[in-house]
$ cat my_file-v3.tsv   # TSV, C-alpha atoms and all ligand atoms
chain	number	residue	atom	x	y	z
A	1	MET	CA	0.00	0.00	0.00
A	2	LYS	CA	1.66	3.21	-1.21
A	3	ALA	CA	0.56	6.76	-2.02
A	4	ARG	CA	2.21	9.84	-3.47
A	5	VAL	CA	3.15	12.45	-0.90
A	6	SER	CA	4.16	16.00	-1.77
A	7	GLU	CA	5.71	16.85	1.60
A	8	ILE	CA	5.80	15.98	5.29
A	9	PHE	CA	6.83	18.76	7.65
A	10	TYR	CA	6.49	20.03	11.19
A	11	SER	CA	5.08	23.48	11.95
A	12	ILE	CA	2.16	25.00	13.79
A	13	SER	CA	-1.40	24.78	12.59
A	14	GLY	CA	-2.28	28.06	10.90
A	15	GLU	CA	-6.06	27.83	10.82
A	16	GLY	CA	-9.23	26.75	12.54
A	17	MET	CA	-9.83	25.59	16.09
A	18	SER	CA	-6.33	24.13	16.31
A	19	VAL	CA	-4.60	27.36	15.31
A	20	GLY	CA	-1.17	27.62	16.93
A	21	VAL	CA	-0.99	23.91	17.81
A	22	PRO	CA	2.29	22.14	16.97
A	23	THR	CA	1.40	19.87	14.06
A	24	VAL	CA	2.96	17.36	11.69
A	25	PHE	CA	1.55	17.96	8.20
A	26	VAL	CA	1.28	15.14	5.67
A	27	ARG	CA	0.49	16.66	2.30
A	28	PHE	CA	-0.69	14.06	-0.20
A	29	SER	CA	-0.29	14.69	-3.93
A	30	GLY	CA	-3.22	15.10	-6.29
A	31	CYS	CA	-6.48	17.02	-6.38
A	32	SER	CA	-8.92	17.23	-9.27
A	33	LEU	CA	-10.49	20.55	-8.19
A	34	ARG	CA	-9.06	23.91	-9.29
A	35	CYS	CA	-10.27	26.43	-6.72
A	36	GLY	CA	-10.53	30.02	-7.82
A	37	VAL	CA	-10.60	29.26	-11.52
A	38	THR	CA	-13.71	31.01	-12.79
A	39	THR	CA	-14.30	32.90	-16.05
A	40	ASN	CA	-12.10	35.86	-15.13
A	41	SER	CA	-10.14	34.69	-12.09
A	42	LYS	CA	-7.07	32.56	-11.57
A	43	LEU	CA	-6.36	29.56	-9.36
A	44	TRP	CA	-6.08	30.63	-5.70
A	45	CYS	CA	-5.03	27.27	-4.33
A	46	ASP	CA	-2.11	27.67	-1.89
A	47	THR	CA	-0.67	24.32	-2.86
A	48	GLY	CA	-0.55	24.37	-6.66
A	49	TYR	CA	2.65	22.29	-6.41
A	50	ALA	CA	0.63	19.42	-4.86
A	51	LEU	CA	-2.21	19.21	-7.42
A	52	SER	CA	-0.59	16.67	-9.75
A	53	PHE	CA	-1.31	13.00	-9.03
A	54	HIS	CA	2.06	12.05	-10.53
A	55	LYS	CA	4.48	14.25	-8.58
A	56	GLY	CA	5.85	13.63	-5.09
A	57	GLU	CA	7.37	10.60	-3.41
A	58	LEU	CA	5.65	7.24	-3.49
A	59	LEU	CA	5.63	6.26	0.21
A	60	SER	CA	4.31	3.27	2.11
A	61	PHE	CA	2.23	3.52	5.28
A	62	GLU	CA	5.29	2.50	7.34
A	63	GLU	CA	7.49	5.17	5.71
A	64	ILE	CA	4.90	7.87	6.37
A	65	ILE	CA	4.54	6.84	10.03
A	66	SER	CA	8.31	6.80	10.47
A	67	ARG	CA	8.66	10.32	9.03
A	68	ILE	CA	5.83	11.66	11.18
A	69	GLU	CA	7.37	10.18	14.33
A	70	ASN	CA	10.82	11.48	13.45
A	71	PHE	CA	9.35	14.98	13.77
A	72	SER	CA	7.25	14.43	16.88
A	73	THR	CA	5.46	11.69	18.76
A	74	VAL	CA	3.10	14.00	20.64
A	75	SER	CA	1.85	16.62	18.16
A	76	GLN	CA	-1.36	16.91	16.21
A	77	ILE	CA	-1.30	15.02	12.89
A	78	LEU	CA	-2.93	16.73	9.92
A	79	LEU	CA	-3.58	14.89	6.65
A	80	THR	CA	-4.00	17.40	3.85
A	81	GLY	CA	-3.18	17.92	0.20
A	82	GLY	CA	-3.79	18.24	-2.65
A	83	GLU	CA	-6.72	16.14	-1.54
A	84	PRO	CA	-5.97	13.34	0.95
A	85	LEU	CA	-9.17	11.36	0.30
A	86	GLU	CA	-9.16	11.30	-3.51
A	87	GLY	CA	-8.22	7.83	-4.76
A	88	GLU	CA	-8.38	4.36	-3.19
A	89	GLU	CA	-4.73	4.13	-2.15
A	90	LYS	CA	-4.71	7.50	-0.40
A	91	ARG	CA	-7.98	6.65	1.37
A	92	LYS	CA	-6.56	3.34	2.62
A	93	ILE	CA	-3.38	4.96	3.89
A	94	CYS	CA	-5.29	7.81	5.55
A	95	LEU	CA	-7.53	5.26	7.28
A	96	ALA	CA	-4.50	3.26	8.43
A	97	ILE	CA	-2.82	6.40	9.82
A	98	THR	CA	-5.95	7.37	11.78
A	99	GLU	CA	-6.24	3.83	13.21
A	100	TYR	CA	-2.55	3.74	14.11
A	101	PHE	CA	-2.62	6.96	16.13
A	102	TRP	CA	-5.97	6.10	17.70
A	103	LYS	CA	-4.52	2.89	19.12
A	104	LYS	CA	-1.16	4.37	20.04
A	105	ARG	CA	-2.53	7.50	21.72
A	106	HIS	CA	-5.71	6.17	23.28
A	107	ASN	CA	-6.80	8.51	26.09
A	108	GLN	CA	-3.95	10.89	25.26
A	109	ASP	CA	-3.84	14.17	23.33
A	110	TYR	CA	-4.38	14.03	19.57
A	111	SER	CA	-5.64	10.47	19.39
A	112	TYR	CA	-7.84	11.75	16.56
A	113	THR	CA	-5.99	12.55	13.35
A	114	ARG	CA	-7.29	15.66	11.59
A	115	ILE	CA	-8.19	15.34	7.89
A	116	GLU	CA	-8.51	18.54	5.87
A	117	THR	CA	-10.68	17.73	2.87
A	118	ASN	CA	-12.30	19.59	0.00
A	119	GLY	CA	-15.99	18.69	0.30
A	120	LYS	CA	-16.04	16.57	-2.84
A	121	GLU	CA	-14.76	13.26	-1.41
A	122	ASN	CA	-16.86	11.02	0.83
A	123	ILE	CA	-15.73	11.44	4.45
A	124	GLN	CA	-17.59	8.46	5.90
A	125	GLY	CA	-15.67	5.40	7.16
A	126	PHE	CA	-13.00	7.20	9.22
A	127	PRO	CA	-14.23	6.83	12.81
A	128	HIS	CA	-10.98	8.03	14.37
A	129	ALA	CA	-10.53	11.13	12.26
A	130	VAL	CA	-11.82	14.62	12.87
A	131	PHE	CA	-12.49	16.82	9.88
A	132	THR	CA	-11.90	20.26	8.56
A	133	LEU	CA	-14.43	20.02	5.74
A	134	ASP	CA	-14.49	22.71	3.05
A	135	TYR	CA	-17.68	23.88	1.45
A	136	LYS	CA	-16.58	25.44	-1.84
A	137	LEU	CA	-18.54	28.62	-2.56
A	138	PRO	CA	-19.40	30.24	-5.92
A	139	GLY	CA	-16.20	32.35	-5.92
A	140	SER	CA	-14.18	29.14	-6.09
A	141	GLY	CA	-16.00	27.92	-9.20
A	142	MET	CA	-16.17	24.46	-7.56
A	143	GLU	CA	-19.51	24.51	-5.75
A	144	ASP	CA	-21.12	22.00	-8.12
A	145	PHE	CA	-18.70	19.31	-6.85
A	146	MET	CA	-19.81	19.49	-3.21
A	147	LEU	CA	-21.09	16.17	-1.84
A	148	LYS	CA	-24.17	17.02	0.21
A	149	GLU	CA	-24.04	13.79	2.23
A	150	ASN	CA	-20.78	14.98	3.81
A	151	PHE	CA	-22.45	17.97	5.41
A	152	TYR	CA	-25.41	15.97	6.73
A	153	PHE	CA	-22.97	13.38	8.07
A	154	LEU	CA	-20.89	15.96	9.93
A	155	ARG	CA	-23.99	17.69	11.28
A	156	ASP	CA	-25.45	14.42	12.60
A	157	ARG	CA	-22.33	12.97	14.20
A	158	LYS	CA	-21.93	16.12	16.33
A	159	HIS	CA	-18.22	15.67	16.98
A	160	PRO	CA	-16.91	18.71	18.90
A	161	LEU	CA	-13.64	18.72	16.93
A	162	ASP	CA	-15.20	18.79	13.46
A	163	GLU	CA	-15.30	22.09	11.60
A	164	VAL	CA	-16.75	23.33	8.31
A	165	LYS	CA	-14.65	25.86	6.45
A	166	PHE	CA	-15.87	28.52	4.02
A	167	VAL	CA	-13.28	30.43	2.00
A	168	ILE	CA	-14.76	33.83	1.19
A	169	ARG	CA	-13.90	35.72	-1.97
A	170	THR	CA	-16.81	38.22	-2.00
A	171	LYS	CA	-19.90	39.28	-0.07
A	172	THR	CA	-21.88	36.97	-2.38
A	173	ASP	CA	-19.80	34.06	-1.09
A	174	PHE	CA	-20.48	35.04	2.51
A	175	GLN	CA	-24.23	35.26	1.85
A	176	ARG	CA	-24.16	31.85	0.18
A	177	ALA	CA	-22.26	30.41	3.17
A	178	ILE	CA	-25.02	31.58	5.51
A	179	GLU	CA	-27.59	29.96	3.20
A	180	ILE	CA	-25.64	26.69	3.39
A	181	VAL	CA	-25.45	26.86	7.19
A	182	ASN	CA	-29.24	27.18	7.28
A	183	GLU	CA	-29.90	24.60	4.56
A	184	PHE	CA	-27.78	21.91	6.27
A	185	GLN	CA	-28.58	23.12	9.80
A	186	LEU	CA	-24.90	23.35	10.67
A	187	PHE	CA	-25.47	24.82	14.12
A	188	SER	CA	-23.47	22.34	16.21
A	189	ASN	CA	-20.27	22.38	14.14
A	190	ILE	CA	-17.61	25.07	14.34
A	191	LEU	CA	-17.90	27.28	11.23
A	192	LEU	CA	-14.70	28.84	9.88
A	193	PHE	CA	-14.84	31.87	7.63
A	194	SER	CA	-11.52	32.50	5.93
A	195	PRO	CA	-10.82	35.38	3.48
A	196	VAL	CA	-9.17	34.62	0.14
A	197	TYR	CA	-5.59	35.79	0.72
A	198	GLY	CA	-4.91	39.08	-1.06
A	199	GLU	CA	-8.49	39.41	-2.34
A	200	GLN	CA	-11.03	39.62	0.51
A	201	ASN	CA	-10.37	42.21	3.21
A	202	PRO	CA	-10.36	40.33	6.57
A	203	THR	CA	-11.67	43.33	8.53
A	204	GLU	CA	-14.68	43.55	6.23
A	205	LEU	CA	-15.28	39.81	6.67
A	206	ALA	CA	-15.09	40.25	10.46
A	207	GLU	CA	-17.90	42.82	10.24
A	208	TRP	CA	-20.10	40.43	8.23
A	209	ILE	CA	-19.48	37.69	10.80
A	210	LYS	CA	-20.50	40.05	13.60
A	211	GLU	CA	-23.71	40.94	11.75
A	212	ALA	CA	-24.61	37.28	11.09
A	213	LYS	CA	-24.64	36.55	14.87
A	214	LEU	CA	-23.90	32.82	14.63
A	215	SER	CA	-22.43	31.68	17.94
A	216	ASN	CA	-20.48	28.84	16.28
A	217	SER	CA	-18.78	31.10	13.70
A	218	ARG	CA	-15.07	31.94	13.78
A	219	LEU	CA	-12.93	34.27	11.68
A	220	SER	CA	-10.03	32.10	10.53
A	221	LEU	CA	-6.87	33.82	9.32
A	222	GLN	CA	-3.93	31.87	8.00
A	223	ILE	CA	-1.43	32.80	10.70
A	224	HIS	CA	1.39	30.81	9.08
A	225	LYS	CA	1.30	33.42	6.28
A	226	ILE	CA	1.40	36.25	8.81
A	227	LEU	CA	4.36	34.61	10.57
A	228	TRP	CA	6.39	33.30	7.65
A	229	GLY	CA	4.82	34.68	4.43
A	230	ASN	CA	3.12	32.85	1.61
A	231	LYS	CA	5.59	30.01	1.13
A	232	ARG	CA	5.85	26.27	1.14
A	233	GLY	CA	6.51	23.99	4.13
A	234	VAL	CA	5.41	26.32	6.96
B	301	LIG	S1	-9.49	21.56	-3.19
B	301	LIG	FE1	-7.75	22.33	-2.00
B	301	LIG	S2	-5.95	21.44	-3.02
B	301	LIG	FE2	-7.67	21.22	-4.45
B	301	LIG	S3	-7.52	23.06	-5.74
B	301	LIG	FE3	-8.93	23.52	-4.06
B	301	LIG	S4	-7.66	24.52	-2.48
B	301	LIG	FE4	-6.27	23.45	-3.92
$ encode --input "my_file-v3.tsv" --output "structure tokens"
Amino acid sequence: MKARVSEIFYSISGEGMSVGVPTVFVRFSGCSLRCGVTTNSKLWCDTGYALSFHKGELLSFEEIISRIENFSTVSQILLTGGEPLEGEEKRKICLAITEYFWKKRHNQDYSYTRIETNGKENIQGFPHAVFTLDYKLPGSGMEDFMLKENFYFLRDRKHPLDEVKFVIRTKTDFQRAIEIVNEFQLFSNILLFSPVYGEQNPTELAEWIKEAKLSNSRLSLQIHKILWGNKRGV
């Protein structure tokens, strides 16, 4: 069992409820979405270098575990991409990683592995993962790919560590996000609202969040970019 991996590195989590937490990132190669590509806008994906399914190192489960544990045996583990759940081999390896850390860390911190996923791939069948699940809004050009079952699943399992993330390009995106929250009744999940870097003013987004008055909403800035700039491996 092997999958292509773009990079494995140790940093702090830059977003969401685990912001600032020391984290080992496993970035799998390959994603079939192209966020930000609409009629007159360019790709905004932060990890364009990880979108190809053919680039990166082909690593076994054991090799990935060894590299993670060489960085840290106590930190949060984040499986990301590209898209970690796209393709059978990646799904099997992600499942094996979540099972491994669940058994090894039972009743300790970070026994759940976090999976950051794009909303298109089915997230069911990973009982020992917690999710940062994107809902792609109209500004991304990828909304048609969203798998509705994912959002019902996350709503119904009511895990306190799950979060739904909305990347906001415009006010229209924010309004659509609020519609989605109401449509899927996402009132018991943490909701992250994150501005498109360099496009959406974060202060303006903060004002919209205040007006919406959703107690589970959070403004999510990418603090790794504030700390180290918009570069790879941080
Ligand atoms: S889903 Fe994620 S990795 Fe894929 S293009 Fe969009 S932002 Fe990039």
$ atom_distance --input "my_file-v3.tsv" --atom1 "atom CA of A:Leu79" --atom2 "atom CA of A:Ser11"
13.3 Å
$ closest_residue --input "my_file-v3.tsv" --among "A:Phe28, A:Lys2, A:Gly81, A:Gln124" --to "A:Leu58" --atoms "all atoms listed in the file"
A:Lys2
$ closest_residue --input "my_file-v3.tsv" --among "A:Gly16, A:Pro84, A:Gly125, A:Pro160" --to "ligand LIG 301 (chain B)" --atoms "all atoms listed in the file"
A:Pro84
$ residues_near_point --input "my_file-v3.tsv" --point "(-12.6, 25.1, 9.6)" --cutoff "6 Å" --atoms "all atoms listed in the file" --output "ChimeraX atom specification"
/A:16,132,163-165,191-192
$ write_last_selection --input "my_file-v3.tsv" --atoms "C-alpha atoms" --output "short mmCIF file (atom, residue, chain, number, x, y, z; two decimals), in the coordinates of the input"
data_model
loop_
_atom_site.label_atom_id
_atom_site.label_comp_id
_atom_site.auth_asym_id
_atom_site.auth_seq_id
_atom_site.Cartn_x
_atom_site.Cartn_y
_atom_site.Cartn_z
CA GLY A 16 -9.23 26.75 12.54
CA THR A 132 -11.90 20.26 8.56
CA GLU A 163 -15.30 22.09 11.60
CA VAL A 164 -16.75 23.33 8.31
CA LYS A 165 -14.65 25.86 6.45
CA LEU A 191 -17.90 27.28 11.23
CA LEU A 192 -14.70 28.84 9.88
#
$ closest_residue --input "my_file-v3.tsv" --among "A:Gly20, A:Gly36, A:Gly30, A:Pro202" --to "A:Pro138" --atoms "all atoms listed in the file"
A:Gly36
$ closest_residue --input "my_file-v3.tsv" --among "A:Val5, A:Ile65, A:Leu51, A:Val26" --to "A:Glu116" --atoms "only C-alpha atoms"
A:Val26
$ atom_distance --input "my_file-v3.tsv" --atom1 "atom CA of A:Thr47" --atom2 "atom FE4 of ligand LIG 301 (chain B)"
5.8 Å
$ residues_near_ligand --input "my_file-v3.tsv" --ligand "ligand LIG 301 (chain B)" --cutoff "12 Å" --atoms "all atoms listed in the file" --output "PyMOL selection string"
chain A and resi 6+27-37+42-53+79-86+116-121+132-137+139-143+145-146+165-167+196-197
$ write_last_selection --input "my_file-v3.tsv" --atoms "C-alpha atoms" --output "short mmCIF file (atom, residue, chain, number, x, y, z; two decimals), in the coordinates of the input"
data_model
loop_
_atom_site.label_atom_id
_atom_site.label_comp_id
_atom_site.auth_asym_id
_atom_site.auth_seq_id
_atom_site.Cartn_x
_atom_site.Cartn_y
_atom_site.Cartn_z
CA SER A 6 4.16 16.00 -1.77
CA ARG A 27 0.49 16.66 2.30
CA PHE A 28 -0.69 14.06 -0.20
CA SER A 29 -0.29 14.69 -3.93
CA GLY A 30 -3.22 15.10 -6.29
CA CYS A 31 -6.48 17.02 -6.38
CA SER A 32 -8.92 17.23 -9.27
CA LEU A 33 -10.49 20.55 -8.19
CA ARG A 34 -9.06 23.91 -9.29
CA CYS A 35 -10.27 26.43 -6.72
CA GLY A 36 -10.53 30.02 -7.82
CA VAL A 37 -10.60 29.26 -11.52
CA LYS A 42 -7.07 32.56 -11.57
CA LEU A 43 -6.36 29.56 -9.36
CA TRP A 44 -6.08 30.63 -5.70
CA CYS A 45 -5.03 27.27 -4.33
CA ASP A 46 -2.11 27.67 -1.89
CA THR A 47 -0.67 24.32 -2.86
CA GLY A 48 -0.55 24.37 -6.66
CA TYR A 49 2.65 22.29 -6.41
CA ALA A 50 0.63 19.42 -4.86
CA LEU A 51 -2.21 19.21 -7.42
CA SER A 52 -0.59 16.67 -9.75
CA PHE A 53 -1.31 13.00 -9.03
CA LEU A 79 -3.58 14.89 6.65
CA THR A 80 -4.00 17.40 3.85
CA GLY A 81 -3.18 17.92 0.20
CA GLY A 82 -3.79 18.24 -2.65
CA GLU A 83 -6.72 16.14 -1.54
CA PRO A 84 -5.97 13.34 0.95
CA LEU A 85 -9.17 11.36 0.30
CA GLU A 86 -9.16 11.30 -3.51
CA GLU A 116 -8.51 18.54 5.87
CA THR A 117 -10.68 17.73 2.87
CA ASN A 118 -12.30 19.59 0.00
CA GLY A 119 -15.99 18.69 0.30
CA LYS A 120 -16.04 16.57 -2.84
CA GLU A 121 -14.76 13.26 -1.41
CA THR A 132 -11.90 20.26 8.56
CA LEU A 133 -14.43 20.02 5.74
CA ASP A 134 -14.49 22.71 3.05
CA TYR A 135 -17.68 23.88 1.45
CA LYS A 136 -16.58 25.44 -1.84
CA LEU A 137 -18.54 28.62 -2.56
CA GLY A 139 -16.20 32.35 -5.92
CA SER A 140 -14.18 29.14 -6.09
CA GLY A 141 -16.00 27.92 -9.20
CA MET A 142 -16.17 24.46 -7.56
CA GLU A 143 -19.51 24.51 -5.75
CA PHE A 145 -18.70 19.31 -6.85
CA MET A 146 -19.81 19.49 -3.21
CA LYS A 165 -14.65 25.86 6.45
CA PHE A 166 -15.87 28.52 4.02
CA VAL A 167 -13.28 30.43 2.00
CA VAL A 196 -9.17 34.62 0.14
CA TYR A 197 -5.59 35.79 0.72
#
$ residues_near_point --input "my_file-v3.tsv" --point "(-6.3, 32.1, 5.2)" --cutoff "10 Å" --atoms "all atoms listed in the file" --output "NGL selection string"
:A and (14-16 or 46 or 167-168 or 193-198 or 202 or 219-226)
$ atom_distance --input "my_file-v3.tsv" --atom1 "atom CA of A:Glu179" --atom2 "atom CA of A:Met17"
22.4 Å
$ closest_residue --input "my_file-v3.tsv" --among "A:Glu7, A:Lys158, A:Cys94, A:Lys103" --to "A:Arg67" --atoms "all atoms listed in the file"
A:Glu7
$ axis_aligned_box --input "my_file-v3.tsv" --around "stretch 88-92 of chain A" --padding-each-side "5 Å" --output "AutoDock Vina command-line options"
--center_x -6.5 --center_y 5.4 --center_z -0.3 --size_x 13.7 --size_y 14.2 --size_z 15.8
$ closest_residue --input "my_file-v3.tsv" --among "A:Asp109, A:Glu88, A:Glu207, A:Glu57" --to "A:Val21" --atoms "all atoms listed in the file"
A:Asp109
